>>> print(open('entry.cif').read())   # mmCIF, C-alpha atoms, pLDDT in the B column; chains and numbers go by the auth columns
data_target
loop_
_atom_site.group_PDB
_atom_site.id
_atom_site.type_symbol
_atom_site.label_atom_id
_atom_site.label_comp_id
_atom_site.label_asym_id
_atom_site.label_seq_id
_atom_site.Cartn_x
_atom_site.Cartn_y
_atom_site.Cartn_z
_atom_site.B_iso_or_equiv
_atom_site.auth_seq_id
_atom_site.auth_asym_id
ATOM 1 C CA MET A 1 99.956 119.286 81.598 51.00 461 Z
ATOM 2 C CA GLU A 2 96.480 118.659 80.144 53.00 462 Z
ATOM 3 C CA ASN A 3 96.727 114.849 79.695 76.00 463 Z
ATOM 4 C CA LYS A 4 98.259 114.380 83.096 87.00 464 Z
ATOM 5 C CA LYS A 5 96.807 111.910 85.602 93.00 465 Z
ATOM 6 C CA VAL A 6 96.462 113.211 89.153 93.00 466 Z
ATOM 7 C CA MET A 7 96.556 110.901 92.163 95.00 467 Z
ATOM 8 C CA VAL A 8 93.767 111.851 94.569 95.00 468 Z
ATOM 9 C CA GLU A 9 93.891 110.447 98.106 93.00 469 Z
ATOM 10 C CA ASN A 10 91.140 109.866 100.661 92.00 470 Z
ATOM 11 C CA LEU A 11 92.171 111.705 103.827 88.00 471 Z
ATOM 12 C CA SER A 12 89.050 110.939 105.871 85.00 472 Z
ATOM 13 C CA HIS A 13 88.241 107.783 107.800 82.00 473 Z
ATOM 14 C CA GLY A 14 85.145 106.910 105.811 87.00 474 Z
ATOM 15 C CA ARG A 15 84.230 105.918 102.304 94.00 475 Z
ATOM 16 C CA VAL A 16 84.252 108.890 99.911 94.00 476 Z
ATOM 17 C CA GLY A 17 82.992 109.268 96.378 94.00 477 Z
ATOM 18 C CA ILE A 18 82.808 111.751 93.527 95.00 478 Z
ATOM 19 C CA ASN A 19 80.033 111.487 90.973 94.00 479 Z
ATOM 20 C CA VAL A 20 79.769 114.122 88.227 93.00 480 Z
ATOM 21 C CA PRO A 21 77.475 112.611 85.573 93.00 481 Z
ATOM 22 C CA ASP A 22 78.035 115.419 83.032 91.00 482 Z
ATOM 23 C CA LEU A 23 81.742 114.544 82.912 90.00 483 Z
ATOM 24 C CA ARG A 24 81.200 110.791 83.244 92.00 484 Z
ATOM 25 C CA LEU A 25 83.418 111.012 86.307 93.00 485 Z
ATOM 26 C CA ARG A 26 82.794 108.566 89.121 95.00 486 Z
ATOM 27 C CA ARG A 27 85.389 107.501 91.686 95.00 487 Z
ATOM 28 C CA ILE A 28 85.010 105.857 95.074 96.00 488 Z
ATOM 29 C CA TRP A 29 87.730 105.694 97.719 95.00 489 Z
ATOM 30 C CA GLU A 30 86.907 102.825 100.079 95.00 490 Z
ATOM 31 C CA ARG A 31 89.166 103.748 103.002 91.00 491 Z
ATOM 32 C CA LYS A 32 91.596 106.292 104.362 87.00 492 Z
ATOM 33 C CA GLY A 33 94.801 106.427 102.343 88.00 493 Z
ATOM 34 C CA ALA A 34 93.237 104.974 99.188 94.00 494 Z
ATOM 35 C CA LYS A 35 94.495 106.686 96.023 95.00 495 Z
ATOM 36 C CA LYS A 36 92.779 106.876 92.641 95.00 496 Z
ATOM 37 C CA PRO A 37 93.979 108.506 89.406 95.00 497 Z
ATOM 38 C CA ILE A 38 91.832 111.185 87.780 94.00 498 Z
ATOM 39 C CA ASP A 39 92.579 112.913 84.490 93.00 499 Z
ATOM 40 C CA LEU A 40 93.639 116.523 85.204 93.00 500 Z
ATOM 41 C CA HIS A 41 91.251 117.903 82.580 92.00 501 Z
ATOM 42 C CA ASP A 42 88.299 116.092 84.206 93.00 502 Z
ATOM 43 C CA LEU A 43 89.362 117.304 87.642 94.00 503 Z
ATOM 44 C CA MET A 44 89.634 120.891 86.394 93.00 504 Z
ATOM 45 C CA GLU A 45 86.019 120.633 85.201 94.00 505 Z
ATOM 46 C CA ALA A 46 84.770 118.783 88.305 94.00 506 Z
ATOM 47 C CA ILE A 47 86.236 121.345 90.716 94.00 507 Z
ATOM 48 C CA TYR A 48 83.467 123.748 89.620 93.00 508 Z
ATOM 49 C CA ASP A 49 81.001 121.439 91.354 93.00 509 Z
ATOM 50 C CA PRO A 50 80.588 122.888 94.875 93.00 510 Z
ATOM 51 C CA GLY A 51 80.587 119.424 96.452 92.00 511 Z
ATOM 52 C CA VAL A 52 83.820 118.364 94.776 93.00 512 Z
ATOM 53 C CA GLU A 53 85.480 121.663 95.633 92.00 513 Z
ATOM 54 C CA ALA A 54 84.382 121.343 99.263 92.00 514 Z
ATOM 55 C CA MET A 55 85.871 117.848 99.554 92.00 515 Z
ATOM 56 C CA PHE A 56 89.289 119.230 98.642 91.00 516 Z
ATOM 57 C CA LYS A 57 89.003 122.429 100.682 89.00 517 Z
ATOM 58 C CA GLU A 58 87.754 120.615 103.788 87.00 518 Z
ATOM 59 C CA GLY A 59 90.538 118.048 103.676 87.00 519 Z
ATOM 60 C CA ILE A 60 88.395 115.045 102.810 90.00 520 Z
ATOM 61 C CA LEU A 61 90.301 114.449 99.564 93.00 521 Z
ATOM 62 C CA GLY A 62 93.866 115.542 98.932 90.00 522 Z
ATOM 63 C CA ILE A 63 96.436 116.023 96.184 92.00 523 Z
ATOM 64 C CA ASP A 64 100.191 116.082 96.853 88.00 524 Z
ATOM 65 C CA ASP A 65 101.209 117.979 93.698 89.00 525 Z
ATOM 66 C CA MET A 66 101.372 121.737 94.435 89.00 526 Z
ATOM 67 C CA GLU A 67 101.394 122.569 90.711 90.00 527 Z
ATOM 68 C CA VAL A 68 98.040 120.815 90.314 90.00 528 Z
ATOM 69 C CA LYS A 69 96.599 122.452 93.447 90.00 529 Z
ATOM 70 C CA ILE A 70 97.485 125.868 92.037 89.00 530 Z
ATOM 71 C CA ALA A 71 96.009 124.962 88.623 89.00 531 Z
ATOM 72 C CA LEU A 72 92.762 123.893 90.332 90.00 532 Z
ATOM 73 C CA GLY A 73 92.591 127.125 92.327 89.00 533 Z
ATOM 74 C CA LEU A 74 92.982 125.345 95.671 88.00 534 Z
ATOM 75 C CA GLU A 75 96.214 127.201 96.470 87.00 535 Z
ATOM 76 C CA PRO A 76 97.328 130.750 95.581 87.00 536 Z
ATOM 77 C CA GLU A 77 99.657 131.413 92.628 88.00 537 Z
ATOM 78 C CA GLY A 78 103.327 131.013 93.485 82.00 538 Z
ATOM 79 C CA ALA A 79 102.728 129.008 96.682 78.00 539 Z
ATOM 80 C CA THR A 80 105.444 126.495 97.507 79.00 540 Z
ATOM 81 C CA GLU A 81 103.766 124.992 100.583 78.00 541 Z
ATOM 82 C CA PRO A 82 100.066 124.338 101.237 75.00 542 Z
ATOM 83 C CA VAL A 83 98.267 127.381 102.612 75.00 543 Z
ATOM 84 C CA ASN A 84 94.581 126.545 102.097 74.00 544 Z
ATOM 85 C CA THR A 85 94.642 122.739 102.012 75.00 545 Z
ATOM 86 C CA ILE A 86 96.868 121.633 104.873 80.00 546 Z
ATOM 87 C CA THR A 87 96.848 117.898 105.589 82.00 547 Z
ATOM 88 C CA LEU A 88 98.696 116.125 108.391 84.00 548 Z
ATOM 89 C CA THR A 89 100.497 112.799 108.342 84.00 549 Z
ATOM 90 C CA ASP A 90 100.212 110.392 111.277 87.00 550 Z
ATOM 91 C CA GLN A 91 103.720 111.385 112.409 92.00 551 Z
ATOM 92 C CA GLN A 92 102.724 115.058 112.433 91.00 552 Z
ATOM 93 C CA ARG A 93 99.527 114.256 114.352 92.00 553 Z
ATOM 94 C CA ARG A 94 101.483 112.356 117.004 93.00 554 Z
ATOM 95 C CA ARG A 95 103.997 115.213 117.296 94.00 555 Z
ATOM 96 C CA TYR A 96 101.302 117.884 117.747 94.00 556 Z
ATOM 97 C CA LEU A 97 99.450 115.746 120.298 93.00 557 Z
ATOM 98 C CA THR A 98 102.514 114.831 122.371 92.00 558 Z
ATOM 99 C CA LEU A 99 105.848 116.588 121.813 92.00 559 Z
ATOM 100 C CA ALA A 100 105.190 119.909 120.087 91.00 560 Z
ATOM 101 C CA PRO A 101 104.843 123.026 122.233 93.00 561 Z
ATOM 102 C CA LEU A 102 101.195 123.854 122.929 92.00 562 Z
ATOM 103 C CA HIS A 103 101.442 127.202 121.138 93.00 563 Z
ATOM 104 C CA GLU A 104 102.245 125.362 117.870 93.00 564 Z
ATOM 105 C CA LEU A 105 99.001 123.393 118.145 93.00 565 Z
ATOM 106 C CA LYS A 106 97.103 126.609 118.973 93.00 566 Z
ATOM 107 C CA GLU A 107 98.533 128.260 115.845 93.00 567 Z
ATOM 108 C CA LEU A 108 97.833 125.216 113.671 92.00 568 Z
ATOM 109 C CA LEU A 109 94.164 124.566 114.532 93.00 569 Z
ATOM 110 C CA PRO A 110 92.691 127.683 112.843 92.00 570 Z
ATOM 111 C CA LYS A 111 94.661 126.881 109.660 89.00 571 Z
ATOM 112 C CA LEU A 112 93.419 123.286 109.378 90.00 572 Z
ATOM 113 C CA PRO A 113 90.286 122.319 107.444 87.00 573 Z
ATOM 114 C CA LYS A 114 87.492 120.936 109.648 86.00 574 Z
ATOM 115 C CA GLU A 115 88.037 117.340 108.491 85.00 575 Z
ATOM 116 C CA GLN A 116 91.715 117.505 109.446 88.00 576 Z
ATOM 117 C CA VAL A 117 90.879 118.779 112.954 92.00 577 Z
ATOM 118 C CA LEU A 118 88.431 115.897 113.364 91.00 578 Z
ATOM 119 C CA SER A 119 91.104 113.523 112.088 89.00 579 Z
ATOM 120 C CA LEU A 120 93.435 114.864 114.784 93.00 580 Z
ATOM 121 C CA VAL A 121 90.775 114.143 117.420 94.00 581 Z
ATOM 122 C CA ASP A 122 90.201 110.628 116.032 92.00 582 Z
ATOM 123 C CA TYR A 123 93.938 109.969 116.142 92.00 583 Z
ATOM 124 C CA ALA A 124 94.106 111.105 119.776 94.00 584 Z
ATOM 125 C CA ILE A 125 91.219 108.821 120.749 93.00 585 Z
ATOM 126 C CA GLU A 126 92.520 105.844 118.781 92.00 586 Z
ATOM 127 C CA HIS A 127 96.000 106.100 120.326 93.00 587 Z
ATOM 128 C CA GLU A 128 94.699 107.190 123.754 92.00 588 Z
ATOM 129 C CA LEU A 129 96.638 110.469 123.771 90.00 589 Z
ATOM 130 C CA THR A 130 94.962 112.416 126.560 88.00 590 Z
ATOM 131 C CA MET A 131 97.279 115.246 127.550 91.00 591 Z
ATOM 132 C CA MET A 132 94.853 117.590 129.317 92.00 592 Z
ATOM 133 C CA ASP A 133 95.995 120.885 127.783 93.00 593 Z
ATOM 134 C CA ARG A 134 95.769 119.519 124.232 93.00 594 Z
ATOM 135 C CA ALA A 135 92.513 117.688 124.943 93.00 595 Z
ATOM 136 C CA GLU A 136 90.935 120.925 126.233 93.00 596 Z
ATOM 137 C CA LEU A 137 92.148 122.839 123.181 94.00 597 Z
ATOM 138 C CA LEU A 138 90.666 120.254 120.823 94.00 598 Z
ATOM 139 C CA LYS A 139 87.444 120.138 122.850 93.00 599 Z
ATOM 140 C CA LYS A 140 87.025 123.897 122.368 93.00 600 Z
ATOM 141 C CA ALA A 141 87.620 123.502 118.626 92.00 601 Z
ATOM 142 C CA THR A 142 85.364 120.479 118.023 93.00 602 Z
ATOM 143 C CA GLY A 143 83.142 119.929 121.048 94.00 603 Z
ATOM 144 C CA ILE A 144 84.507 116.387 121.412 93.00 604 Z
ATOM 145 C CA ASP A 145 85.818 115.395 124.836 94.00 605 Z
ATOM 146 C CA ILE A 146 88.854 113.232 124.073 93.00 606 Z
ATOM 147 C CA VAL A 147 89.399 112.144 127.696 92.00 607 Z
ATOM 148 C CA ARG A 148 85.798 110.966 128.019 93.00 608 Z
ATOM 149 C CA ALA A 149 85.929 109.246 124.616 93.00 609 Z
ATOM 150 C CA VAL A 150 89.052 107.324 125.638 92.00 610 Z
ATOM 151 C CA GLN A 151 87.367 106.296 128.906 92.00 611 Z
ATOM 152 C CA LEU A 152 84.348 105.010 126.969 92.00 612 Z
ATOM 153 C CA LYS A 153 86.629 103.183 124.530 89.00 613 Z
ATOM 154 C CA LYS A 154 88.379 101.412 127.434 89.00 614 Z
ATOM 155 C CA GLN A 155 85.026 100.524 128.996 89.00 615 Z
ATOM 156 C CA ASN A 156 83.827 98.990 125.709 88.00 616 Z
ATOM 157 C CA GLU A 157 87.033 96.960 125.414 86.00 617 Z
ATOM 158 C CA GLU A 158 86.537 95.584 128.949 85.00 618 Z
ATOM 159 C CA ASP A 159 82.940 94.494 128.228 75.00 619 Z
#
>>> encode(input="entry.cif", output="structure tokens")
Amino acid sequence: MENKKVMVENLSHGRVGINVPDLRLRRIWERKGAKKPIDLHDLMEAIYDPGVEAMFKEGILGIDDMEVKIALGLEPEGATEPVNTITLTDQQRRRYLTLAPLHELKELLPKLPKEQVLSLVDYAIEHELTMMDRAELLKKATGIDIVRAVQLKKQNEED
């Protein structure tokens, strides 16, 4: 498992980078969904850097392999599904913002890292999903008024 390459994905909307000079590790992910390989040994060393660790714990960067997450200490031993590093796909975001019962979204929000909650808000604004009950719930969690943001987006498009 030591010489294994790990695919690390950018889960945020912006440009993200890791720079650990002591390990000669430097990677930049230009956009959301970009994936870059990192040697597992280097990643196991880099995770001790508080900034690198925070990027994974906050949902800015993600790894699909549960075995690797456990080895890095991001998930508890024996976990089969993500507990600490939950990330949502676009299909899951749409479901929680439209079809899923409200109580499911209420239960999910405290479990999500901050970056993933903000990503949910961005998705709602981008796709103009303004169901009032869900918008209010997300406003309480983030302070961002989705309904108002969608109105401003429409106004900008008209101008």
>>> resolve_selection(input="entry.cif", expression="the PyMOL selection byres ((chain Z and resi 497) around 8)", output="VMD selection string")
chain Z and resid 465 to 468 495 to 496 498 to 499
>>> atom_distance(input="entry.cif", atom1="CA of His501 (chain Z)", atom2="CA of Val528 (chain Z)")
10.7 Å
>>> resolve_selection(input="entry.cif", expression="the PyMOL selection byres ((chain Z and resi 487) around 9)", output="ChimeraX atom specification")
/Z:476-479,485-486,488-489,496-498
>>> resolve_selection(input="entry.cif", expression="the PyMOL selection byres ((chain Z and resi 515) around 10)", output="PyMOL selection string")
chain Z and resi 470-472+476-478+507+510-514+516-522+575
>>> atom_distance(input="entry.cif", atom1="CA of Asp582 (chain Z)", atom2="CA of Leu534 (chain Z)")
25.3 Å
>>> closest_residue(input="entry.cif", among="Z:Ala601, Z:Met504, Z:Gly474, Z:Pro570", to="Arg491 (chain Z)", atoms="only C-alpha atoms")
Z:Gly474
>>> atom_distance(input="entry.cif", atom1="CA of Arg608 (chain Z)", atom2="CA of Leu562 (chain Z)")
20.7 Å
>>> closest_residue(input="entry.cif", among="Z:His563, Z:Asp502, Z:Arg554, Z:Gln576", to="Thr590 (chain Z)", atoms="all atoms listed in the file")
Z:Arg554
>>> residues_around(input="entry.cif", residues="region 591-593 of chain Z", least_positions_apart="6", cutoff="8 Å", atoms="all atoms listed in the file", output="ChimeraX atom specification")
/Z:557-558,562,607
>>> residues_around(input="entry.cif", residues="region 577-579 of chain Z", least_positions_apart="3", cutoff="9 Å", atoms="all atoms listed in the file", output="short mmCIF file (atom, residue, chain, number, x, y, z; two decimals) with C-alpha atoms, in the coordinates of the input")
data_model
loop_
_atom_site.label_atom_id
_atom_site.label_comp_id
_atom_site.auth_asym_id
_atom_site.auth_seq_id
_atom_site.Cartn_x
_atom_site.Cartn_y
_atom_site.Cartn_z
CA LEU Z 471 92.17 111.70 103.83
CA SER Z 472 89.05 110.94 105.87
CA HIS Z 473 88.24 107.78 107.80
CA LEU Z 548 98.70 116.12 108.39
CA ARG Z 553 99.53 114.26 114.35
CA LEU Z 569 94.16 124.57 114.53
CA LEU Z 572 93.42 123.29 109.38
CA PRO Z 573 90.29 122.32 107.44
CA LYS Z 574 87.49 120.94 109.65
CA ASP Z 582 90.20 110.63 116.03
CA TYR Z 583 93.94 109.97 116.14
CA ALA Z 584 94.11 111.10 119.78
CA LEU Z 598 90.67 120.25 120.82
CA ALA Z 601 87.62 123.50 118.63
CA THR Z 602 85.36 120.48 118.02
CA ILE Z 604 84.51 116.39 121.41
#
>>> closest_residue(input="entry.cif", among="Z:Gln551, Z:Tyr508, Z:Tyr556, Z:Lys599", to="Gly533 (chain Z)", atoms="all atoms listed in the file")
Z:Tyr508
>>> residues_around(input="entry.cif", residues="region 529-532 of chain Z", least_positions_apart="6", cutoff="9 Å", atoms="all atoms listed in the file", output="list in words")
Leu503, Met504, Ile507, Ile523, Gly538, Ala539, Pro542 and Thr545 of chain Z
>>> axis_aligned_box(input="entry.cif", around="region 573-585 of chain Z", padding_each_side="4 Å", output="lines of an AutoDock Vina configuration file")
center_x = 90.8
center_y = 115.6
center_z = 114.1
size_x = 14.6
size_y = 21.5
size_z = 21.3
>>> closest_residue(input="entry.cif", among="Z:Asp524, Z:Glu537, Z:Glu617, Z:Glu567", to="Thr549 (chain Z)", atoms="only C-alpha atoms")
Z:Asp524
>>> closest_residue(input="entry.cif", among="Z:Glu490, Z:Asp550, Z:Asp619, Z:Glu505", to="Arg475 (chain Z)", atoms="only C-alpha atoms")
Z:Glu490
>>> decode(input="entry.cif", residues="region 565-599 of chain Z", atoms="N, CA and C atoms", output="PDB file, in the first residue's frame")
ATOM      1  N   LEU Z 565     -32.749  16.658   5.182  1.00  0.00           N
ATOM      2  CA  LEU Z 565     -31.815  17.775   5.029  1.00  0.00           C
ATOM      3  C   LEU Z 565     -31.415  18.304   6.401  1.00  0.00           C
ATOM      4  N   LYS Z 566     -32.361  18.385   7.331  1.00  0.00           N
ATOM      5  CA  LYS Z 566     -32.062  18.846   8.693  1.00  0.00           C
ATOM      6  C   LYS Z 566     -31.044  17.929   9.364  1.00  0.00           C
ATOM      7  N   GLU Z 567     -31.176  16.625   9.151  1.00  0.00           N
ATOM      8  CA  GLU Z 567     -30.254  15.655   9.749  1.00  0.00           C
ATOM      9  C   GLU Z 567     -28.886  15.709   9.069  1.00  0.00           C
ATOM     10  N   LEU Z 568     -28.868  16.007   7.782  1.00  0.00           N
ATOM     11  CA  LEU Z 568     -27.621  16.004   7.023  1.00  0.00           C
ATOM     12  C   LEU Z 568     -26.736  17.208   7.329  1.00  0.00           C
ATOM     13  N   LEU Z 569     -27.307  18.393   7.441  1.00  0.00           N
ATOM     14  CA  LEU Z 569     -26.526  19.628   7.562  1.00  0.00           C
ATOM     15  C   LEU Z 569     -25.487  19.601   8.684  1.00  0.00           C
ATOM     16  N   PRO Z 570     -25.812  19.141   9.894  1.00  0.00           N
ATOM     17  CA  PRO Z 570     -24.777  19.128  10.944  1.00  0.00           C
ATOM     18  C   PRO Z 570     -23.628  18.152  10.655  1.00  0.00           C
ATOM     19  N   LYS Z 571     -23.871  17.157   9.819  1.00  0.00           N
ATOM     20  CA  LYS Z 571     -22.848  16.154   9.498  1.00  0.00           C
ATOM     21  C   LYS Z 571     -21.887  16.633   8.416  1.00  0.00           C
ATOM     22  N   LEU Z 572     -22.334  17.581   7.593  1.00  0.00           N
ATOM     23  CA  LEU Z 572     -21.524  18.040   6.460  1.00  0.00           C
ATOM     24  C   LEU Z 572     -20.426  19.000   6.892  1.00  0.00           C
ATOM     25  N   PRO Z 573     -19.250  18.904   6.253  1.00  0.00           N
ATOM     26  CA  PRO Z 573     -18.217  19.926   6.469  1.00  0.00           C
ATOM     27  C   PRO Z 573     -18.715  21.270   5.927  1.00  0.00           C
ATOM     28  N   LYS Z 574     -18.171  22.350   6.445  1.00  0.00           N
ATOM     29  CA  LYS Z 574     -18.606  23.703   6.070  1.00  0.00           C
ATOM     30  C   LYS Z 574     -18.573  23.924   4.562  1.00  0.00           C
ATOM     31  N   GLU Z 575     -17.517  23.483   3.905  1.00  0.00           N
ATOM     32  CA  GLU Z 575     -17.376  23.687   2.457  1.00  0.00           C
ATOM     33  C   GLU Z 575     -18.489  22.983   1.684  1.00  0.00           C
ATOM     34  N   GLN Z 576     -18.923  21.826   2.170  1.00  0.00           N
ATOM     35  CA  GLN Z 576     -19.986  21.093   1.496  1.00  0.00           C
ATOM     36  C   GLN Z 576     -21.344  21.780   1.679  1.00  0.00           C
ATOM     37  N   VAL Z 577     -21.567  22.407   2.829  1.00  0.00           N
ATOM     38  CA  VAL Z 577     -22.803  23.164   3.045  1.00  0.00           C
ATOM     39  C   VAL Z 577     -22.823  24.371   2.105  1.00  0.00           C
ATOM     40  N   LEU Z 578     -21.687  25.044   1.990  1.00  0.00           N
ATOM     41  CA  LEU Z 578     -21.599  26.187   1.075  1.00  0.00           C
ATOM     42  C   LEU Z 578     -21.776  25.744  -0.374  1.00  0.00           C
ATOM     43  N   SER Z 579     -21.275  24.570  -0.700  1.00  0.00           N
ATOM     44  CA  SER Z 579     -21.448  24.021  -2.039  1.00  0.00           C
ATOM     45  C   SER Z 579     -22.923  23.740  -2.319  1.00  0.00           C
ATOM     46  N   LEU Z 580     -23.644  23.300  -1.306  1.00  0.00           N
ATOM     47  CA  LEU Z 580     -25.083  23.069  -1.427  1.00  0.00           C
ATOM     48  C   LEU Z 580     -25.813  24.383  -1.707  1.00  0.00           C
ATOM     49  N   VAL Z 581     -25.417  25.436  -1.012  1.00  0.00           N
ATOM     50  CA  VAL Z 581     -26.002  26.765  -1.227  1.00  0.00           C
ATOM     51  C   VAL Z 581     -25.688  27.258  -2.640  1.00  0.00           C
ATOM     52  N   ASP Z 582     -24.443  27.110  -3.064  1.00  0.00           N
ATOM     53  CA  ASP Z 582     -24.048  27.531  -4.421  1.00  0.00           C
ATOM     54  C   ASP Z 582     -24.861  26.792  -5.480  1.00  0.00           C
ATOM     55  N   TYR Z 583     -25.066  25.506  -5.258  1.00  0.00           N
ATOM     56  CA  TYR Z 583     -25.841  24.700  -6.204  1.00  0.00           C
ATOM     57  C   TYR Z 583     -27.280  25.218  -6.282  1.00  0.00           C
ATOM     58  N   ALA Z 584     -27.857  25.534  -5.127  1.00  0.00           N
ATOM     59  CA  ALA Z 584     -29.229  26.048  -5.094  1.00  0.00           C
ATOM     60  C   ALA Z 584     -29.342  27.371  -5.848  1.00  0.00           C
ATOM     61  N   ILE Z 585     -28.365  28.243  -5.670  1.00  0.00           N
ATOM     62  CA  ILE Z 585     -28.384  29.542  -6.348  1.00  0.00           C
ATOM     63  C   ILE Z 585     -28.175  29.364  -7.845  1.00  0.00           C
ATOM     64  N   GLU Z 586     -27.211  28.554  -8.218  1.00  0.00           N
ATOM     65  CA  GLU Z 586     -26.895  28.329  -9.625  1.00  0.00           C
ATOM     66  C   GLU Z 586     -28.080  27.748 -10.388  1.00  0.00           C
ATOM     67  N   HIS Z 587     -28.810  26.830  -9.766  1.00  0.00           N
ATOM     68  CA  HIS Z 587     -29.935  26.166 -10.426  1.00  0.00           C
ATOM     69  C   HIS Z 587     -31.292  26.760 -10.028  1.00  0.00           C
ATOM     70  N   GLU Z 588     -31.241  27.885  -9.305  1.00  0.00           N
ATOM     71  CA  GLU Z 588     -32.435  28.631  -8.908  1.00  0.00           C
ATOM     72  C   GLU Z 588     -33.452  27.748  -8.186  1.00  0.00           C
ATOM     73  N   LEU Z 589     -32.972  26.993  -7.209  1.00  0.00           N
ATOM     74  CA  LEU Z 589     -33.820  26.128  -6.393  1.00  0.00           C
ATOM     75  C   LEU Z 589     -34.150  26.888  -5.110  1.00  0.00           C
ATOM     76  N   THR Z 590     -35.361  27.435  -5.054  1.00  0.00           N
ATOM     77  CA  THR Z 590     -35.702  28.345  -3.959  1.00  0.00           C
ATOM     78  C   THR Z 590     -36.902  27.874  -3.135  1.00  0.00           C
ATOM     79  N   MET Z 591     -36.972  26.609  -2.828  1.00  0.00           N
ATOM     80  CA  MET Z 591     -38.052  26.140  -1.965  1.00  0.00           C
ATOM     81  C   MET Z 591     -37.855  26.791  -0.599  1.00  0.00           C
ATOM     82  N   MET Z 592     -38.872  27.495  -0.120  1.00  0.00           N
ATOM     83  CA  MET Z 592     -38.743  28.354   1.055  1.00  0.00           C
ATOM     84  C   MET Z 592     -38.258  27.617   2.298  1.00  0.00           C
ATOM     85  N   ASP Z 593     -38.799  26.440   2.579  1.00  0.00           N
ATOM     86  CA  ASP Z 593     -38.402  25.732   3.797  1.00  0.00           C
ATOM     87  C   ASP Z 593     -36.915  25.358   3.771  1.00  0.00           C
ATOM     88  N   ARG Z 594     -36.436  24.915   2.626  1.00  0.00           N
ATOM     89  CA  ARG Z 594     -35.028  24.537   2.489  1.00  0.00           C
ATOM     90  C   ARG Z 594     -34.130  25.780   2.471  1.00  0.00           C
ATOM     91  N   ALA Z 595     -34.609  26.834   1.818  1.00  0.00           N
ATOM     92  CA  ALA Z 595     -33.841  28.079   1.774  1.00  0.00           C
ATOM     93  C   ALA Z 595     -33.667  28.661   3.178  1.00  0.00           C
ATOM     94  N   GLU Z 596     -34.720  28.608   3.988  1.00  0.00           N
ATOM     95  CA  GLU Z 596     -34.644  29.109   5.369  1.00  0.00           C
ATOM     96  C   GLU Z 596     -33.673  28.272   6.204  1.00  0.00           C
ATOM     97  N   LEU Z 597     -33.726  26.967   6.013  1.00  0.00           N
ATOM     98  CA  LEU Z 597     -32.834  26.061   6.742  1.00  0.00           C
ATOM     99  C   LEU Z 597     -31.370  26.344   6.399  1.00  0.00           C
ATOM    100  N   LEU Z 598     -31.097  26.532   5.116  1.00  0.00           N
ATOM    101  CA  LEU Z 598     -29.729  26.832   4.692  1.00  0.00           C
ATOM    102  C   LEU Z 598     -29.301  28.240   5.113  1.00  0.00           C
ATOM    103  N   LYS Z 599     -30.250  29.160   5.177  1.00  0.00           N
ATOM    104  CA  LYS Z 599     -29.933  30.519   5.627  1.00  0.00           C
ATOM    105  C   LYS Z 599     -29.508  30.502   7.087  1.00  0.00           C
TER     106      LYS Z 599
END
